[in-house]
Each structure stands twice: as C-alpha cells, then as structure tokens.
Amino acid sequence: MQPLATPAIDHLVIAAATLDEGVAWCEDTLGLAPGPGGAHPLMGTHNRLLSLGGSRYPDCYLEIIAIDPRVRPRREPGQRRWFDLDDAGLQAMLARQGPRLIHAVARVSDVRVGIRALAGLPAPIDRGTVIDASRDTPEGRLQWRISVRDDGQRLFDGALPTLIEWGAIHPAARLPRSPLELLAVHAAHPRHADLREAMAAIGLQHVLPVDDGPADLMATLRTPRGLITLHAGEA
C-alpha cells in the first residue's frame, strides 16, 4: 500500500489532571500562557492551545487537555475518552507528577486510508474507528475526523500517533503567533521494529523517527526559557 500523501505532525498533546493545572504548567515550564481553546462535548474534555509553527513543522500546535468534570461525555456507554484520559494509571501519574506530554497527533489526507494501512500490516494494528468531532469557536465551528479506539488507548505507550483529518479550517490558522517553535520529535520503544513499520505504513518514518529503548516520546521546543525537551516516558 502506498504511504499517505503529505502526513505531518499536527499537534502535541499535554495532559493535565485539570485544565487550570495545565495552564499553570505552561506558564511555569514554557514561559507563557496558552491561548484560547474550547470544549469537546463528545468526549467531555476541554483544552487550551498554543502555536508551535516553524519551518520544519508548519501548522503545528500544542494542546493542553483535561477532563471537564462538569460535562458527561456523549459517547456510547463503555466507550472511553481519547488519549487514555480515562485510564486510572495515567490520571494517577498526572496527579503525582503534574501535566506532561503524553502523545502526538498526525495530520493525514484520509484517516480511513491510514487505519486500513495499519490494519494491513503483518502484525495488524487496530488504530480504532473514525469518528466525526467538532468544537465551536467564536469564529465558527472546527470539524475533523479522528481515529479513536473504543477503549481510548493511544498504543505503543503513546508513541504511535493518533490520526486526524481536518475539515475546511485548521485551528493553527486562527492561533496567534507565539515564540514557541517545535524543533524535533522522536520516539523510543522496546518494540521499535514494529513501531517503525507502523510509522512507515502511515508515511511518518522520516517525520517521527523511532529508536530502541524504554517507551518515550520526546519533543524539543524553542521557548522564551531556552531549549526544552518534553518527555512522555515515566520519570
């Protein structure tokens, strides 16, 4: 199967126990407050965003996301929120260690093609089903298609990206410019050969390289406080 056309890193996911904690982490760690975000009624989550645009990762952004305790998800009973946010172990880690990088989302031209590519590997990968999602903003509604498993798992300890296909408007087009810039992203995993094969199937082998080692996702950013590398692996 041919790789997807122009796949790219769409955004990095920072999970927090509460959105207020995520905002404080952003100010303390990166040196600036995040911009506006919104709510995801389907998942019962809310977020704040920051542009990470640069020459290497254009139209990329940082998402700080948390469960909104005031909202019950609209998903079917038994279906969990995206990005493992319902996982007790992840929530315990966030409570213990604070907000952290947990995942990356990859922008593709057709999510369904990506899911089929992963399912067709010699060791098939179930990346989940395609769901239609949206979020209202003052400028209008953002709409996208995204791969989400019913169990909410990220897979490969968060190192295998979720796939997203945007509608007519990309959120980065509405974000104010920030001094943040994403310089590099790479992953490590004990099952590095399988993860590399999965990255190649969705055309990300040169965008998100994979090393052998303990499970981790690493992102290096230029910030007002200098170069900072975020890690998704256990501290």
# chains A, B, ... in the order shown; residues from 1 in each chain; ligands from 1
$ select_by_dssp --residues "segment 98-151 of chain A" --states "strand (DSSP E)" --output "list in words"
Arg100, Leu101, Ile102, His103, Ala104, Val105, Ala106, Arg107, Thr129, Val130, Ile131, Asp132, Ala133, Ser134, Arg135, Asp136, Thr137, Gly140, Arg141, Leu142, Gln143, Trp144, Arg145, Ile146, Ser147 and Val148 of chain A
$ residues_around --residues "segment 97-108 of chain A" --least-positions-apart "5" --cutoff "6 Å" --atoms "only C-alpha atoms" --output "ChimeraX atom specification"
/A:7-16,22,158,161-165,232
$ atom_distance --atom1 "atom CA of His170 of chain A" --atom2 "atom CA of Asp87 of chain A"
28.7 Å
$ atom_distance --atom1 "atom CA of Ile65 of chain A" --atom2 "atom CA of Thr18 of chain A"
8.1 Å
$ residues_around --residues "segment 191-202 of chain A" --least-positions-apart "3" --cutoff "7 Å" --atoms "only C-alpha atoms" --output "PyMOL selection string"
chain A and resi 3-4+114+117-118+188+205+210-212
$ residues_around --residues "Glu76 of chain A" --least-positions-apart "5" --cutoff "12 Å" --atoms "only C-alpha atoms" --output "PyMOL selection string"
chain A and resi 42-43+81+150-151
$ write_last_selection --atoms "C-alpha atoms" --output "PDB file, in the first residue's frame"
ATOM      1  CA  LEU A  42     -18.471  14.219  22.635  1.00  0.00           C
ATOM      2  CA  MET A  43     -15.539  13.395  24.915  1.00  0.00           C
ATOM      3  CA  ARG A  81     -12.299   9.189  26.141  1.00  0.00           C
ATOM      4  CA  ASP A 150     -13.405   2.334  21.953  1.00  0.00           C
ATOM      5  CA  ASP A 151     -11.002   1.653  24.836  1.00  0.00           C
TER       6      ASP A 151
END
$ residues_around --residues "Met218 of chain A" --least-positions-apart "5" --cutoff "7 Å" --atoms "only C-alpha atoms" --output "PyMOL selection string"
chain A and resi 185-187+229-232
$ write_last_selection --atoms "N, CA and C atoms" --output "short mmCIF file (atom, residue, chain, number, x, y, z; two decimals), in the first residue's frame"
data_model
loop_
_atom_site.label_atom_id
_atom_site.label_comp_id
_atom_site.auth_asym_id
_atom_site.auth_seq_id
_atom_site.Cartn_x
_atom_site.Cartn_y
_atom_site.Cartn_z
N VAL A 185 10.97 15.98 16.98
CA VAL A 185 10.15 14.98 17.67
C VAL A 185 10.72 13.60 17.33
N HIS A 186 10.90 12.78 18.33
CA HIS A 186 11.25 11.39 18.05
C HIS A 186 10.74 10.51 19.18
N ALA A 187 10.71 9.22 18.90
CA ALA A 187 10.14 8.25 19.83
C ALA A 187 11.16 7.17 20.13
N THR A 229 13.21 20.02 26.30
CA THR A 229 12.77 18.74 25.76
C THR A 229 11.74 18.13 26.68
N LEU A 230 10.57 17.90 26.16
CA LEU A 230 9.48 17.27 26.90
C LEU A 230 9.53 15.77 26.67
N HIS A 231 9.21 15.00 27.71
CA HIS A 231 9.22 13.54 27.64
C HIS A 231 7.86 12.99 28.04
N ALA A 232 7.45 11.95 27.33
CA ALA A 232 6.21 11.26 27.70
C ALA A 232 6.46 10.05 28.59
#
$ atom_distance --atom1 "atom CA of Pro58 of chain A" --atom2 "atom CA of Pro138 of chain A"
23.6 Å
$ closest_residue --among "A:Thr6, A:Arg145, A:Arg48, A:Ala92" --to "Asp20 of chain A" --atoms "only C-alpha atoms"
A:Arg48
$ residues_around --residues "Thr223 of chain A" --least-positions-apart "4" --cutoff "8 Å" --atoms "only C-alpha atoms" --output "PyMOL selection string"
chain A and resi 30-31+179-181+227-228
$ write_last_selection --atoms "N, CA and C atoms" --output "tab-separated table (two decimals), in the first residue's frame"
chain	number	residue	atom	x	y	z
A	30	LEU	N	7.09	26.61	30.04
A	30	LEU	CA	7.38	27.17	28.74
A	30	LEU	C	7.53	28.69	28.75
A	31	GLY	N	7.08	29.33	29.83
A	31	GLY	CA	7.30	30.76	29.96
A	31	GLY	C	6.23	31.63	29.36
A	179	PRO	N	6.13	32.67	20.56
A	179	PRO	CA	7.58	32.47	20.45
A	179	PRO	C	7.99	31.00	20.51
A	180	LEU	N	7.05	30.10	20.70
A	180	LEU	CA	7.38	28.68	20.74
A	180	LEU	C	7.61	28.15	19.33
A	181	GLU	N	8.57	27.22	19.21
A	181	GLU	CA	8.80	26.55	17.94
A	181	GLU	C	9.20	25.11	18.21
A	227	LEU	N	15.92	26.18	25.14
A	227	LEU	CA	15.52	24.90	24.59
A	227	LEU	C	15.04	23.98	25.70
A	228	ILE	N	13.88	23.36	25.48
A	228	ILE	CA	13.29	22.45	26.47
A	228	ILE	C	12.89	21.17	25.73
$ select_by_dssp --residues "segment 8-166 of chain A" --states "helix (DSSP H, G or I)" --output "VMD selection string"
chain A and resid 19 to 30 82 to 84 88 to 97 111 to 119 156 to 158
$ closest_residue --among "A:Leu90, A:Arg70, A:Leu50, A:Leu160" --to "Ala17 of chain A" --atoms "only C-alpha atoms"
A:Leu90
